[in-house]
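Structure file coords_37.tsv (TSV, N, CA, C and O atoms) is printed below.
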chain	number	residue	atom	x	y	z
A	334	MET	N	13.34	9.37	-11.40
A	334	MET	CA	12.39	8.32	-11.04
A	334	MET	C	12.47	8.08	-9.54
A	334	MET	O	13.52	8.15	-8.94
A	335	ILE	N	11.32	7.75	-8.99
A	335	ILE	CA	11.18	7.46	-7.55
A	335	ILE	C	10.63	6.05	-7.42
A	335	ILE	O	9.73	5.66	-8.17
A	336	ARG	N	11.14	5.33	-6.44
A	336	ARG	CA	10.58	4.02	-6.11
A	336	ARG	C	9.72	4.19	-4.87
A	336	ARG	O	10.17	4.70	-3.85
A	337	ILE	N	8.48	3.75	-4.98
A	337	ILE	CA	7.54	3.80	-3.86
A	337	ILE	C	7.20	2.37	-3.48
A	337	ILE	O	6.93	1.54	-4.35
A	338	GLU	N	7.23	2.11	-2.20
A	338	GLU	CA	6.78	0.82	-1.67
A	338	GLU	C	5.62	1.10	-0.73
A	338	GLU	O	5.72	1.93	0.17
A	339	ILE	N	4.52	0.41	-0.97
A	339	ILE	CA	3.35	0.51	-0.10
A	339	ILE	C	3.17	-0.87	0.52
A	339	ILE	O	3.05	-1.87	-0.19
A	340	ILE	N	3.19	-0.92	1.84
A	340	ILE	CA	2.97	-2.17	2.56
A	340	ILE	C	1.76	-1.95	3.45
A	340	ILE	O	1.71	-0.98	4.21
A	341	ALA	N	0.77	-2.84	3.32
A	341	ALA	CA	-0.47	-2.65	4.06
A	341	ALA	C	-1.15	-3.98	4.34
A	341	ALA	O	-0.88	-4.99	3.67
A	342	ASN	N	-2.06	-3.94	5.30
A	342	ASN	CA	-2.87	-5.11	5.63
A	342	ASN	C	-3.70	-5.48	4.40
A	342	ASN	O	-4.23	-4.62	3.70
A	343	ARG	N	-3.82	-6.78	4.16
A	343	ARG	CA	-4.59	-7.24	2.98
A	343	ARG	C	-6.05	-6.81	3.05
A	343	ARG	O	-6.72	-6.74	2.02
A	344	SER	N	-6.54	-6.49	4.23
A	344	SER	CA	-7.94	-6.08	4.36
A	344	SER	C	-8.23	-4.76	3.65
A	344	SER	O	-9.39	-4.48	3.34
A	345	VAL	N	-7.21	-3.96	3.37
A	345	VAL	CA	-7.42	-2.68	2.69
A	345	VAL	C	-6.86	-2.66	1.26
A	345	VAL	O	-6.82	-1.62	0.62
A	346	GLU	N	-6.45	-3.83	0.78
A	346	GLU	CA	-5.86	-3.91	-0.56
A	346	GLU	C	-6.80	-3.34	-1.62
A	346	GLU	O	-6.40	-2.51	-2.45
A	347	GLU	N	-8.03	-3.77	-1.61
A	347	GLU	CA	-8.99	-3.30	-2.61
A	347	GLU	C	-9.19	-1.78	-2.51
A	347	GLU	O	-9.26	-1.10	-3.52
A	348	ASN	N	-9.26	-1.27	-1.28
A	348	ASN	CA	-9.44	0.17	-1.10
A	348	ASN	C	-8.27	0.96	-1.66
A	348	ASN	O	-8.46	2.00	-2.29
A	349	ILE	N	-7.06	0.46	-1.46
A	349	ILE	CA	-5.87	1.13	-1.97
A	349	ILE	C	-5.87	1.12	-3.49
A	349	ILE	O	-5.68	2.16	-4.13
A	350	LEU	N	-6.10	-0.05	-4.09
A	350	LEU	CA	-6.09	-0.14	-5.55
A	350	LEU	C	-7.20	0.71	-6.17
A	350	LEU	O	-6.99	1.37	-7.20
A	351	GLU	N	-8.38	0.74	-5.55
A	351	GLU	CA	-9.48	1.57	-6.06
A	351	GLU	C	-9.13	3.05	-5.97
A	351	GLU	O	-9.43	3.82	-6.89
A	352	THR	N	-8.52	3.46	-4.88
A	352	THR	CA	-8.16	4.87	-4.71
A	352	THR	C	-7.09	5.28	-5.71
A	352	THR	O	-7.18	6.36	-6.31
A	353	LEU	N	-6.09	4.44	-5.92
A	353	LEU	CA	-5.07	4.76	-6.94
A	353	LEU	C	-5.70	4.87	-8.32
A	353	LEU	O	-5.38	5.79	-9.08
A	354	ALA	N	-6.62	3.96	-8.64
A	354	ALA	CA	-7.29	4.01	-9.94
A	354	ALA	C	-8.14	5.27	-10.08
A	354	ALA	O	-8.14	5.92	-11.12
A	355	LYS	N	-8.86	5.61	-9.02
A	355	LYS	CA	-9.71	6.81	-9.03
A	355	LYS	C	-8.87	8.07	-9.25
A	355	LYS	O	-9.28	8.97	-9.99
A	356	GLU	N	-7.70	8.12	-8.62
A	356	GLU	CA	-6.81	9.28	-8.75
A	356	GLU	C	-5.96	9.20	-10.03
A	356	GLU	O	-5.18	10.12	-10.30
A	357	GLN	N	-6.08	8.10	-10.76
A	357	GLN	CA	-5.35	7.87	-12.01
A	357	GLN	C	-3.84	7.95	-11.82
A	357	GLN	O	-3.12	8.59	-12.59
A	358	VAL	N	-3.37	7.28	-10.76
A	358	VAL	CA	-1.93	7.18	-10.48
A	358	VAL	C	-1.59	5.74	-10.14
A	358	VAL	O	-2.46	4.94	-9.83
A	359	GLY	N	-0.31	5.43	-10.20
A	359	GLY	CA	0.13	4.08	-9.84
A	359	GLY	C	-0.45	3.00	-10.73
A	359	GLY	O	-0.74	1.90	-10.27
A	360	LYS	N	-0.59	3.30	-12.00
A	360	LYS	CA	-1.20	2.35	-12.94
A	360	LYS	C	-0.32	1.13	-13.17
A	360	LYS	O	-0.81	0.05	-13.45
A	361	PHE	N	0.99	1.31	-13.06
A	361	PHE	CA	1.93	0.24	-13.31
A	361	PHE	C	2.66	-0.08	-12.02
A	361	PHE	O	3.33	0.78	-11.46
A	362	TYR	N	2.50	-1.30	-11.55
A	362	TYR	CA	3.09	-1.67	-10.26
A	362	TYR	C	3.42	-3.15	-10.24
A	362	TYR	O	2.96	-3.93	-11.08
A	363	THR	N	4.22	-3.53	-9.27
A	363	THR	CA	4.48	-4.93	-8.96
A	363	THR	C	3.81	-5.20	-7.63
A	363	THR	O	4.00	-4.44	-6.68
A	364	LYS	N	3.01	-6.26	-7.58
A	364	LYS	CA	2.31	-6.61	-6.35
A	364	LYS	C	2.93	-7.88	-5.76
A	364	LYS	O	3.10	-8.88	-6.46
A	365	ILE	N	3.25	-7.80	-4.50
A	365	ILE	CA	3.71	-8.97	-3.75
A	365	ILE	C	2.53	-9.34	-2.84
A	365	ILE	O	2.23	-8.60	-1.90
A	366	PRO	N	1.82	-10.43	-3.14
A	366	PRO	CA	0.55	-10.70	-2.48
A	366	PRO	C	0.61	-11.10	-1.01
A	366	PRO	O	-0.30	-10.77	-0.26
A	367	ASN	N	1.64	-11.78	-0.57
A	367	ASN	CA	1.72	-12.23	0.82
A	367	ASN	C	3.01	-11.76	1.45
A	367	ASN	O	4.08	-12.29	1.15
A	368	VAL	N	2.90	-10.75	2.30
A	368	VAL	CA	4.07	-10.19	2.96
A	368	VAL	C	3.90	-10.41	4.46
A	368	VAL	O	2.89	-10.00	5.04
A	369	LEU	N	4.88	-11.07	5.06
A	369	LEU	CA	4.83	-11.37	6.49
A	369	LEU	C	5.89	-10.56	7.20
A	369	LEU	O	6.94	-10.25	6.64
A	370	GLY	N	5.62	-10.22	8.47
A	370	GLY	CA	6.60	-9.49	9.24
A	370	GLY	C	5.98	-8.85	10.48
A	370	GLY	O	4.82	-9.09	10.80
A	371	VAL	N	6.79	-8.05	11.15
A	371	VAL	CA	6.36	-7.38	12.37
A	371	VAL	C	6.63	-5.89	12.18
A	371	VAL	O	7.75	-5.48	11.88
A	372	GLY	N	5.59	-5.09	12.38
A	372	GLY	CA	5.72	-3.65	12.30
A	372	GLY	C	5.09	-3.00	13.51
A	372	GLY	O	4.76	-3.68	14.50
A	373	ALA	N	4.91	-1.71	13.44
A	373	ALA	CA	4.35	-0.96	14.57
A	373	ALA	C	2.94	-1.41	14.93
A	373	ALA	O	2.51	-1.25	16.07
A	374	CYS	N	2.21	-1.96	13.98
A	374	CYS	CA	0.84	-2.42	14.24
A	374	CYS	C	0.79	-3.89	14.67
A	374	CYS	O	-0.29	-4.46	14.77
A	375	GLY	N	1.96	-4.49	14.88
A	375	GLY	CA	2.00	-5.86	15.37
A	375	GLY	C	2.36	-6.86	14.31
A	375	GLY	O	2.52	-6.53	13.14
A	376	PRO	N	2.47	-8.13	14.72
A	376	PRO	CA	2.85	-9.19	13.78
A	376	PRO	C	1.77	-9.47	12.74
A	376	PRO	O	0.58	-9.43	13.03
A	377	ARG	N	2.22	-9.75	11.55
A	377	ARG	CA	1.38	-10.22	10.45
A	377	ARG	C	2.10	-11.44	9.89
A	377	ARG	O	2.96	-11.32	9.03
A	378	MET	N	1.77	-12.62	10.43
A	378	MET	CA	2.52	-13.82	10.11
A	378	MET	C	1.74	-14.86	9.32
A	378	MET	O	2.30	-15.87	8.91
A	379	GLY	N	0.44	-14.67	9.13
A	379	GLY	CA	-0.36	-15.60	8.35
A	379	GLY	C	-0.44	-16.99	8.96
A	379	GLY	O	-0.62	-17.97	8.24
A	380	ASP	N	-0.33	-17.08	10.28
A	380	ASP	CA	-0.41	-18.39	10.94
A	380	ASP	C	-1.56	-18.39	11.96
A	380	ASP	O	-2.31	-17.42	12.05
A	381	ALA	N	-1.68	-19.46	12.71
A	381	ALA	CA	-2.79	-19.58	13.66
A	381	ALA	C	-2.71	-18.55	14.79
A	381	ALA	O	-3.74	-18.09	15.30
A	382	VAL	N	-1.51	-18.17	15.18
A	382	VAL	CA	-1.35	-17.21	16.27
A	382	VAL	C	-1.53	-15.78	15.78
A	382	VAL	O	-2.22	-14.97	16.41
A	383	TRP	N	-0.91	-15.44	14.67
A	383	TRP	CA	-0.99	-14.10	14.07
A	383	TRP	C	-1.50	-14.26	12.64
A	383	TRP	O	-0.73	-14.25	11.68
A	384	PRO	N	-2.82	-14.41	12.45
A	384	PRO	CA	-3.36	-14.81	11.15
A	384	PRO	C	-3.34	-13.74	10.05
A	384	PRO	O	-3.45	-14.08	8.87
A	385	GLU	N	-3.20	-12.50	10.40
A	385	GLU	CA	-3.26	-11.47	9.37
A	385	GLU	C	-2.01	-11.49	8.49
A	385	GLU	O	-0.95	-11.93	8.90
A	386	GLU	N	-2.18	-10.98	7.27
A	386	GLU	CA	-1.08	-10.86	6.31
A	386	GLU	C	-1.11	-9.47	5.69
A	386	GLU	O	-2.15	-8.82	5.63
A	387	ASN	N	0.03	-9.05	5.22
A	387	ASN	CA	0.15	-7.81	4.47
A	387	ASN	C	0.34	-8.13	3.00
A	387	ASN	O	0.56	-9.28	2.61
A	388	PHE	N	0.29	-7.10	2.19
A	388	PHE	CA	0.68	-7.19	0.78
A	388	PHE	C	1.56	-5.97	0.51
A	388	PHE	O	1.63	-5.05	1.33
A	389	ALA	N	2.26	-5.99	-0.60
A	389	ALA	CA	3.12	-4.85	-0.95
A	389	ALA	C	2.94	-4.49	-2.41
A	389	ALA	O	2.72	-5.36	-3.26
A	390	LEU	N	3.02	-3.21	-2.69
A	390	LEU	CA	3.07	-2.69	-4.06
A	390	LEU	C	4.39	-1.96	-4.22
A	390	LEU	O	4.79	-1.19	-3.33
A	391	VAL	N	5.05	-2.18	-5.35
A	391	VAL	CA	6.25	-1.44	-5.70
A	391	VAL	C	5.94	-0.68	-6.98
A	391	VAL	O	5.51	-1.27	-7.97
A	392	ILE	N	6.14	0.62	-6.92
A	392	ILE	CA	5.81	1.49	-8.05
A	392	ILE	C	7.02	2.37	-8.36
A	392	ILE	O	7.56	3.00	-7.46
A	393	TRP	N	7.42	2.40	-9.62
A	393	TRP	CA	8.43	3.35	-10.09
A	393	TRP	C	7.70	4.44	-10.86
A	393	TRP	O	6.90	4.15	-11.74
A	394	CYS	N	7.95	5.69	-10.51
A	394	CYS	CA	7.24	6.80	-11.16
A	394	CYS	C	8.05	8.09	-11.07
A	394	CYS	O	9.07	8.15	-10.38
A	395	GLU	N	7.55	9.10	-11.75
A	395	GLU	CA	8.16	10.42	-11.68
A	395	GLU	C	7.74	11.13	-10.40
A	395	GLU	O	6.77	10.75	-9.75
A	396	ASN	N	8.46	12.20	-10.05
A	396	ASN	CA	8.22	12.92	-8.79
A	396	ASN	C	6.79	13.42	-8.65
A	396	ASN	O	6.21	13.33	-7.56
A	397	ASP	N	6.22	13.98	-9.71
A	397	ASP	CA	4.86	14.54	-9.61
A	397	ASP	C	3.84	13.44	-9.34
A	397	ASP	O	2.92	13.62	-8.54
A	398	GLU	N	4.00	12.28	-9.96
A	398	GLU	CA	3.08	11.18	-9.71
A	398	GLU	C	3.28	10.64	-8.29
A	398	GLU	O	2.31	10.26	-7.62
A	399	ALA	N	4.51	10.63	-7.83
A	399	ALA	CA	4.79	10.14	-6.47
A	399	ALA	C	4.04	10.97	-5.43
A	399	ALA	O	3.48	10.41	-4.48
A	400	GLU	N	4.00	12.27	-5.62
A	400	GLU	CA	3.27	13.13	-4.68
A	400	GLU	C	1.77	12.82	-4.70
A	400	GLU	O	1.12	12.79	-3.66
A	401	LYS	N	1.23	12.57	-5.88
A	401	LYS	CA	-0.19	12.23	-5.99
A	401	LYS	C	-0.48	10.88	-5.35
A	401	LYS	O	-1.54	10.68	-4.74
A	402	ILE	N	0.44	9.94	-5.49
A	402	ILE	CA	0.28	8.63	-4.85
A	402	ILE	C	0.28	8.79	-3.33
A	402	ILE	O	-0.55	8.21	-2.63
A	403	LYS	N	1.20	9.60	-2.81
A	403	LYS	CA	1.25	9.84	-1.37
A	403	LYS	C	-0.06	10.44	-0.87
A	403	LYS	O	-0.57	10.05	0.19
A	404	GLN	N	-0.63	11.37	-1.61
A	404	GLN	CA	-1.91	11.97	-1.23
A	404	GLN	C	-3.03	10.94	-1.26
A	404	GLN	O	-3.88	10.91	-0.37
A	405	ALA	N	-3.03	10.07	-2.26
A	405	ALA	CA	-4.06	9.04	-2.37
A	405	ALA	C	-3.97	8.06	-1.20
A	405	ALA	O	-5.00	7.70	-0.60
A	406	ILE	N	-2.76	7.66	-0.84
A	406	ILE	CA	-2.59	6.74	0.27
A	406	ILE	C	-2.97	7.41	1.59
A	406	ILE	O	-3.55	6.78	2.49
A	407	SER	N	-2.73	8.69	1.72
A	407	SER	CA	-3.15	9.43	2.92
A	407	SER	C	-4.66	9.37	3.09
A	407	SER	O	-5.16	9.25	4.22
A	408	LYS	N	-5.40	9.45	1.99
A	408	LYS	CA	-6.86	9.36	2.06
A	408	LYS	C	-7.30	7.99	2.60
A	408	LYS	O	-8.22	7.91	3.41
A	409	VAL	N	-6.64	6.93	2.15
A	409	VAL	CA	-6.99	5.59	2.62
A	409	VAL	C	-6.62	5.44	4.10
A	409	VAL	O	-7.39	4.88	4.88
A	410	LYS	N	-5.47	6.00	4.49
A	410	LYS	CA	-5.04	5.93	5.89
A	410	LYS	C	-6.03	6.64	6.81
A	410	LYS	O	-6.27	6.19	7.94
A	411	GLU	N	-6.63	7.73	6.34
A	411	GLU	CA	-7.63	8.45	7.13
A	411	GLU	C	-8.87	7.58	7.39
A	411	GLU	O	-9.44	7.62	8.47
A	412	LYS	N	-9.26	6.79	6.39
A	412	LYS	CA	-10.43	5.91	6.52
A	412	LYS	C	-10.14	4.71	7.41
A	412	LYS	O	-11.04	4.20	8.07
A	413	PHE	N	-8.90	4.23	7.38
A	413	PHE	CA	-8.52	3.00	8.09
A	413	PHE	C	-7.27	3.25	8.94
A	413	PHE	O	-6.20	2.71	8.65
A	414	PRO	N	-7.39	4.04	9.99
A	414	PRO	CA	-6.20	4.43	10.75
A	414	PRO	C	-5.50	3.28	11.49
A	414	PRO	O	-4.31	3.38	11.77
A	415	GLY	N	-6.18	2.19	11.75
A	415	GLY	CA	-5.57	1.11	12.51
A	415	GLY	C	-5.08	-0.06	11.69
A	415	GLY	O	-4.71	-1.10	12.24
A	416	GLU	N	-5.03	0.08	10.37
A	416	GLU	CA	-4.70	-1.06	9.51
A	416	GLU	C	-3.24	-1.16	9.11
A	416	GLU	O	-2.88	-2.02	8.35
A	417	GLY	N	-2.41	-0.29	9.59
A	417	GLY	CA	-0.98	-0.44	9.31
A	417	GLY	C	-0.61	-0.22	7.86
A	417	GLY	O	0.03	-1.06	7.24
A	418	ILE	N	-1.01	0.89	7.28
A	418	ILE	CA	-0.68	1.24	5.89
A	418	ILE	C	0.57	2.10	5.91
A	418	ILE	O	0.59	3.18	6.51
A	419	LYS	N	1.63	1.63	5.25
A	419	LYS	CA	2.89	2.37	5.22
A	419	LYS	C	3.31	2.62	3.78
A	419	LYS	O	3.12	1.79	2.90
A	420	LEU	N	3.90	3.79	3.56
A	420	LEU	CA	4.42	4.15	2.25
A	420	LEU	C	5.87	4.60	2.44
A	420	LEU	O	6.15	5.43	3.31
A	421	PHE	N	6.77	4.02	1.66
A	421	PHE	CA	8.18	4.37	1.69
A	421	PHE	C	8.59	4.82	0.30
A	421	PHE	O	8.17	4.24	-0.70
A	422	SER	N	9.41	5.87	0.22
A	422	SER	CA	9.91	6.32	-1.09
A	422	SER	C	11.36	6.73	-0.97
A	422	SER	O	11.86	6.96	0.11
The structure given in the file should be rewritten as structure tokens.
Amino acid sequence: MIRIEIIANRSVEENILETLAKEQVGKFYTKIPNVLGVGACGPRMGDAVWPEENFALVIWCENDEAEKIKQAISKVKEKFPGEGIKLFS
């Protein structure tokens, strides 16, 4: 089993979930709706100064599904290169 964490700007949440559904992967996940922090794309603090927020998905899956999830997230990253979409496994 592999643990995948996807952390991304909330503006692309729907795109990520739709792409995973279209590719029929990542059907079972835990969603953390409000994730704050500082990454390479800058602060996401949900306040007046840095109003943007991230969300996170945690997915446990087998190796073959993990590869398909990585490919699906790559497609979303191509469409939205500046939105700070990260995948860790």
Would you please give, as JSON, numbers by chain, all residues of segment 347-385 of chain A that DSSP assigns to helix (DSSP H, G or I) based on the backbone?
{"A": [347, 348, 349, 350, 351, 352, 353, 354, 355]}
Counting only C-alpha atoms, the option among A:Ala381, A:Cys394, A:Cys374, A:Ala405 closest to Ala341 of chain A:
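The closest residue to Ala341 of chain A is A:Cys374.
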Return as an NGL selection string the full set of residues in segment 338-382 of chain A whose backbone-based DSSP assignment is strand (DSSP E or B).
:A and (338-342 or 363-368 or 370-372 or 375-377)
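Among the candidates A:Leu350, A:Ala399, A:Val409, A:Val345, the residue lying nearest to Glu386 of chain A is A:Val345 (atoms considered: all atoms listed in the file).
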Could you please determine the separation between atom N of Gly370 of chain A and atom CA of Val382 of chain A in Å, to one decimal place?
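Going from atom N of Gly370 of chain A over to atom CA of Val382 of chain A covers 12.6 Å.
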With only C-alpha atoms as the counted atoms, please give the residues lying no more than 6 Å from Leu390 of chain A, apart from itself and same-chain residues fewer than 6 positions off, as a list in words.
Glu338, Ile339, Thr363 and Lys364 of chain A
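With only the atoms specified (all atoms listed in the file) counting, those residues at most 8 Å away from (2.0, 6.8, -13.5) are Gln357, Val358, Gly359, Lys360, Phe361, Trp393, Cys394, Glu395, Glu398 and Ala399 of chain A.
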